[in-house]
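Peer 1: Attaching a single structure in C-alpha cells format; questions to follow.
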Amino acid sequence: MALARHNLGTVVAFEFIRTIKKRGFAVATLAIPVLLILVFALIYASNSSSHASADAQKNAKFSFSYTDASGIIAPAGAQAAGGTVTSDSAAAIEAVKNGTSEAYFAYPADPTKEPVKVYGADKGMFENGKYEAVAKQLLEASAQYQVKNPALTAALTGTVKFDSETYKNGQVAAGIGGVIPPLLFLVVFYVSMILLSNLMLNSTLEEKENRVTEMILTTLNPTTLITGKIISLFMVGLVQVLVFLAPVGLAYLFFRDSLALPEMNLSSLVFEPGPMITGALLLIGGFTVFTGVLVAIGAIMPTAKEAGTIFGPLMAMMFIPFYTFSMVISNPEALIVQVFTYFPLTAPVTALLRNGFGTLSPLEAGIVIVELFVVGILILRLAVHLFRYGSIEYGRKLSIAGTFRRTDLATK
Amino acid sequence: MTLGDAAEPLVHIQDFRMDFGDTTVIRDLSFDVHAGETFGFLGSNGSGKTTTLRALLGIYQPTAGTLHIGGKVFEPRDGARLGYLPEERGLYKKEPVLDVMVYFGRLKGLSKAAARSWSESYLERVGIPEKAKTRLDKLSGGQQQKVQLGVTIMNNPELLILDEPTKGFDPVNRRLLMDIIEEHKRAGATVIMVTHQMEEVERLCDRVILLKDGVSRAYGTVEEVQEEFGGTVYRVTYDGVLPPSDLYEVISVSEGRAELAPGQGASEEKVLRELVEAGVSLRSFTPARISLDEIFIKVYGEQHELAEAK
C-alpha cells in the first residue's frame with residue numbers, strides 16, 4: 001500500500017513536471033492570456049477613444065440654425081447650445097451648402113411620424129456624428145424641460161428599473177440567479193475536456209509509441225500509472241485555468257471601468273444545494289466517462305494519428321446536445337432530449353443543461369448520476385485492461401475481444 | 001525484501017502453455033532457475049523465448065501452467081528487486097536522460113538523491129556523463145541502449161532478466177555489457193539471459209535451455225547439453241571429399257574444414273581409420289567438445305540443409 005502510494009506520487013510528479021516543462025505547453029498556455037491581454041489593451045484604447053469622442057460629440061460647440069414646427073424646442077436651451085432659430089428653411093440649407101453656416105436642424109411638427117432633418121458641413125465620417133448628437137440632445141433636454149416631472153421623464157426615457165419575483169412551491173423562485181451557478185459545472189466540464197482531452201489521449205499512447213510499456217508493466221501497476229496520469233492531467237488543467245483566468249481577474253480588479261466590464265453582482269446568485277450537488281456529481285461522472293473512453297482509445301490505437309480519427313467524433317458528442325438546446329429547456333420530455341439525457345456520451349452535457357434550467361427531476365438526476373458513475377468506472381476498468389494487454393501490441397491495432405479471450409483461456 | 005527462499009528455485013516454470021488464438025506457441029514447458037545462477041535462454045527467432053519471459057513477468061496471461069518467481073506469480077510490486085531488459089527497448093524519448101533514470105529509480109524504490117547519484121555515476125562509467133541533460137531521442141542507438149541497461153540494473157536487482165542484451169551494441173560496448181553482467185553475477189544476482197551469442201553463453205551461463213517451436217529441446221548445464229548432443233566432435237582439416245559413414249555425421253563443412261559428430265560405437269581411432277581408408281588427405285584431426293553454436297545449428301536442422309547442399 002505504501003509502495004503503491006509512493007509510486008502514485010512518483011508518477012504524478014513525473015507526468016506533471018514533464019508536461020508543464022514542455023515548450024509547447026508553455027506556448028499554448030501562455031498564448032491565451034497574452035491574447036486576452038492584447039484584446040483588453042485594444043478594448044481599453046478603443047473605449048477611451050470612443051468615450052472621449054462620444055462626450056466630445058455630445059458637448060460639441062458649434063453654431064447652427066434650426067426650425068421648430070413641433071414647438072418642443074426650448075429657445076433658451078437652443079441658444080445656450082449655439083443655436084439660432086430661423087424661419088427660412090431653404091436659406092438655412094443653402095447657408096450650410098455654401099459654408100456660411102455650420103449646421104441646420106429641421107424639427108418636424110410631429111417627430112414621432114417624421115424624422116428630424118439634420119444638415120451639416122462635412123467634417124469627415126466620424127466627426128459628422130456631432131450634428132445628430134447635438135440635435136438629439138437638444139430635443140431630449142427640451143422634452144424633459146416641458147414635462148417638468150422626473151418620474152415621467154424616467155418612464156419615457158426607459159431608465160426605470162424593474163425587480164421581478166416569481167414563486168415556486170410557495171417560495172420565491174431563484175430565477176436567472178439560480179440558473180447560473182449550476183450551469184458553471186457545465187462550463188467547468190467543457191473547459192476541462194477541451195484542455196485535457198488531447199493530453200489524456202496521448203498520455204497512454206506515449207508508452208506504446210515509445211515502447212516503454214514492458215519496463216512500466218514490470219515496475220508499476222497499470223491502475224496506478226493511469227490514476228497518476230489522470231491526477232497529473234487534472235493538475236495541469238488547473239494550472240492552465242489559473243493562467244487563463246489571471247488576466248481576466250486582474251482586468252476586473254484594476255481596469256473594470258476602463259474595459260467597460262459589467263459589474264458582477266454576486267448577491268443575485270442563488271446557490272441551491274440540490275442543483276449544485278447534482279451538478280457536481282454529473283461533472284465528476286461525466287469526466288470519468290470521457291477519461292475512460294480516451295484512455296481506452298489510447299490503448300487500442302497504435303499511434304496518435306490513428307487515434308485522432310476516433311477522437312473527433314467523440315468530442316462531437318459533447319456538442320451535439322446543443323442542437324436541441326431549445327427543447328432541452330422547453331420540452332424535456334421530447335424523445336431526443338430523453339435519449340441524449342441517458343446516452344452516456346451525451347448525458348453529461350444534456351443533464352447538466354437540464355439541471356441548470358431546472359428541468360431535470362430528482363429521479364432522472366439520480367438515474368443519470370448512477371449511470372455515469374457505473375459506466376465511467378466500467379470504462380476505466382476496461383481502459384486499464386486494454387492498456388495492460390493492449391499496449392504491448394506495438395504498432396498494431398488491438399482486438400478488444402482478443403484481450404478477453406486471452407484472459408478467459410488463462411482462467412480455464 | 002527478497003524474491004524468494006534460497007532453497008527453492010527462484011524461477012519455477014511448470015507445464016507452461018501459451019496459445020494466441022488457435023495457435024499454440026509454447027507447449028508443456030518446464031524449467032527452473034536457481035538463485036545465484038546464470039541461465040541461458042536459447043532458441044531461434046519465434047521459438048517462444050520472449051513470450052515465456054513476458055508470461056513469467058505477468059505481461060501475458062499464460063494459457064496454462066505455473067510460472068512463479070520466488071514461489072509466487074510475479075506482480076509489479078516485486079519489480080523493485082527485478083531488473084528486466086525487454087527485447088522491445090524504449091524509454092520516454094522526449095525526456096532528458098537523467099530525468100528518466102531518476103523516475104525509474106524512484107519507481108524501483110530508490111530515493112531521489114540515491115537515484116540521481118547512481119545515475120550520474122553510471123553515465124560516467126559508460127562514457128556518456130555529458131548526456132545527462134540530453135533528450136533520449138538525441139542520443140545514438142548505442143547510447144540509448146546504455147541508458148536502458150542502466151535503468152535495468154540501477155536497483156541492484158536480485159533477478160536480472162535480459163532479453164537479447166547485446167542487441168544494438170558494438171563489440172566494445174558488448175564487452176562493457178558483459179562485464180556489468182559478470183559483476184552482478186559475482187555479487188550473487190540471478191541472471192536469465194536470452195541471446196544468440198553462443199560464446200557469451202558458454203562463458204557466462206551455468207545452465208541453459210534451448211527452445212524450438214515452443215518446445216524444450218535441451219536443458220541442463222552447458223556440459224550436460226553438450227554431452228546430450230554428442231559431447232565430443234572431431235575437427236578436421238583435409239583435402240578431398242568426406243565420404244558418408246555410419247561412424248560420424250558431418251555437422252559443418254567449409255573450405256577444407258569440417259566438424260564431425262561421432263556416431264554410435266565410434267571412437268577416434270575408428271573415425272580416423274575410416275577417413276584414411278577412404279582416401280581423405282588429412283592435415284589435422286582434433287577431438288573437441290561440441291560448441292553450443294553447433295548444437296543450435298543441429299537442433300534447427302541447418303546441418304541437414306548443408307549436407308543436402310553438399
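Residue names in the C-alpha cells use chain letters A, B, ... in the order shown, residue numbers from 1 in each chain, and ligand numbers from 1 in the order shown.
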Please return, as a ChimeraX atom specification, all residues of chain B lying within 9 Å of chain A when only C-alpha atoms are considered.
Peer 2: /B:18-21,54,57-65,74-80,82-86,88-93,95,99-100,103-104,106-109,152
Peer 1: DSSP on the backbone: what in stretch 72-243 of chain B comes out strand (DSSP E or B), as an MDAnalysis selection string?
Peer 2: chainID B and resid 72 82:85 96 135 159:163 190:194 207:212 215:221 232:239
Peer 1: Quick one: residues within 12 Å of stretch 124-133 of chain B, only C-alpha atoms counted, chain neighbours fewer than 5 positions away excluded, as a PyMOL selection string?
Peer 2: chain B and resi 94-102+116-119+138-140+142-150+172-177+179-180
Peer 1: Tell me, which residues of stretch 144-223 of chain A carry DSSP alpha helix (DSSP H), written as a count of residues only?
Peer 2: 53
Peer 1: Please provide as a PyMOL selection string all residues within 6 Å of stretch 84-98 of chain A, with the sequence filter that same-chain residues fewer than 2 positions apart are discarded (counting only C-alpha atoms).
Peer 2: chain A and resi 65-67+100-103
Peer 1: Suppose we keep N, CA and C atoms; can you now write the selection as a PDB file, in the first residue's frame?
Peer 2:
ATOM      1  N   SER A  65     -28.374  76.712 -37.076  1.00  0.00           N
ATOM      2  CA  SER A  65     -29.712  77.312 -37.120  1.00  0.00           C
ATOM      3  C   SER A  65     -30.741  76.192 -37.078  1.00  0.00           C
ATOM      4  N   TYR A  66     -31.954  76.511 -36.687  1.00  0.00           N
ATOM      5  CA  TYR A  66     -32.982  75.461 -36.626  1.00  0.00           C
ATOM      6  C   TYR A  66     -34.370  76.035 -36.866  1.00  0.00           C
ATOM      7  N   THR A  67     -35.229  75.161 -37.342  1.00  0.00           N
ATOM      8  CA  THR A  67     -36.653  75.491 -37.420  1.00  0.00           C
ATOM      9  C   THR A  67     -37.375  74.492 -36.546  1.00  0.00           C
ATOM     10  N   THR A 100     -21.480  79.088 -45.078  1.00  0.00           N
ATOM     11  CA  THR A 100     -21.646  80.231 -44.175  1.00  0.00           C
ATOM     12  C   THR A 100     -22.285  79.805 -42.853  1.00  0.00           C
ATOM     13  N   SER A 101     -22.942  78.633 -42.831  1.00  0.00           N
ATOM     14  CA  SER A 101     -23.484  78.090 -41.567  1.00  0.00           C
ATOM     15  C   SER A 101     -22.947  76.659 -41.394  1.00  0.00           C
ATOM     16  N   GLU A 102     -22.709  76.342 -40.122  1.00  0.00           N
ATOM     17  CA  GLU A 102     -22.120  75.009 -39.893  1.00  0.00           C
ATOM     18  C   GLU A 102     -23.179  73.909 -39.968  1.00  0.00           C
ATOM     19  N   ALA A 103     -24.386  74.207 -39.407  1.00  0.00           N
ATOM     20  CA  ALA A 103     -25.418  73.161 -39.411  1.00  0.00           C
ATOM     21  C   ALA A 103     -26.803  73.769 -39.348  1.00  0.00           C
TER      22      ALA A 103
END
Peer 1: Leaving out B:Thr232 and any residue of its chain fewer than 2 positions from it, which residues lie within 7 Å of it when counting only C-alpha atoms, given as a ChimeraX atom specification?
Peer 2: /B:230,234,261,287-290
Peer 1: For B:Ser47, find every residue with an atom within 6 Å (counting only C-alpha atoms), except residues of its own chain fewer than 3 positions away, and show them as a PyMOL selection string.
Peer 2: chain B and resi 43-44+211-214
Peer 1: Using only C-alpha atoms, please write the residues we just selected to a file, as a PDB file, in the first residue's frame.
Peer 2:
ATOM      1  CA  GLY B  43      16.345 -20.507 -29.391  1.00  0.00           C
ATOM      2  CA  SER B  44      15.857 -19.014 -32.813  1.00  0.00           C
ATOM      3  CA  LEU B 211      13.656 -23.927 -27.294  1.00  0.00           C
ATOM      4  CA  LYS B 212      12.430 -24.862 -30.723  1.00  0.00           C
ATOM      5  CA  ASP B 213       8.859 -24.091 -31.797  1.00  0.00           C
ATOM      6  CA  GLY B 214       7.837 -23.582 -28.192  1.00  0.00           C
TER       7      GLY B 214
END
Peer 1: When you count only C-alpha atoms, which of these residues is closest to B:Glu269: B:His184, B:Ala218, B:Phe285, B:Val11?
Peer 2: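 Once distances to B:Glu269 are computed over only C-alpha atoms, the minimum belongs to B:Phe285.
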Peer 1: Which residues come within 10 Å of B:Arg283, counting only C-alpha atoms, excluding same-chain residues fewer than 6 positions away, as an MDAnalysis selection string?
Peer 2: chainID B and resid 236:239 256:257
Peer 1: Any chance you can output those residues with N, CA and C atoms as a tab-separated table (two decimals), in the first residue's frame?
Peer 2:
chain	number	residue	atom	x	y	z
B	236	VAL	N	38.39	-31.47	-38.31
B	236	VAL	CA	39.39	-31.94	-39.28
B	236	VAL	C	39.65	-30.88	-40.34
B	237	THR	N	40.92	-30.83	-40.78
B	237	THR	CA	41.23	-30.08	-42.00
B	237	THR	C	41.73	-31.10	-43.00
B	238	TYR	N	41.32	-30.97	-44.25
B	238	TYR	CA	41.56	-32.07	-45.18
B	238	TYR	C	41.55	-31.59	-46.63
B	239	ASP	N	42.02	-32.48	-47.49
B	239	ASP	CA	41.85	-32.30	-48.94
B	239	ASP	C	41.04	-33.49	-49.43
B	256	GLY	N	37.52	-27.06	-46.82
B	256	GLY	CA	38.55	-27.95	-46.30
B	256	GLY	C	38.55	-28.10	-44.79
B	257	ARG	N	37.53	-27.54	-44.14
B	257	ARG	CA	37.40	-27.71	-42.69
B	257	ARG	C	36.04	-28.34	-42.42
Peer 1: Please, what distance in Å, to one decimal, runs between atom CA of A:Pro344 and atom CA of A:Ile194?
Peer 2: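 Going from atom CA of A:Pro344 over to atom CA of A:Ile194, I get 18.0 Å.
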Peer 1: Between atom CA of A:Met318 and atom CA of A:Gly274, what is the spacing in Å?
Peer 2: 23.9 Å
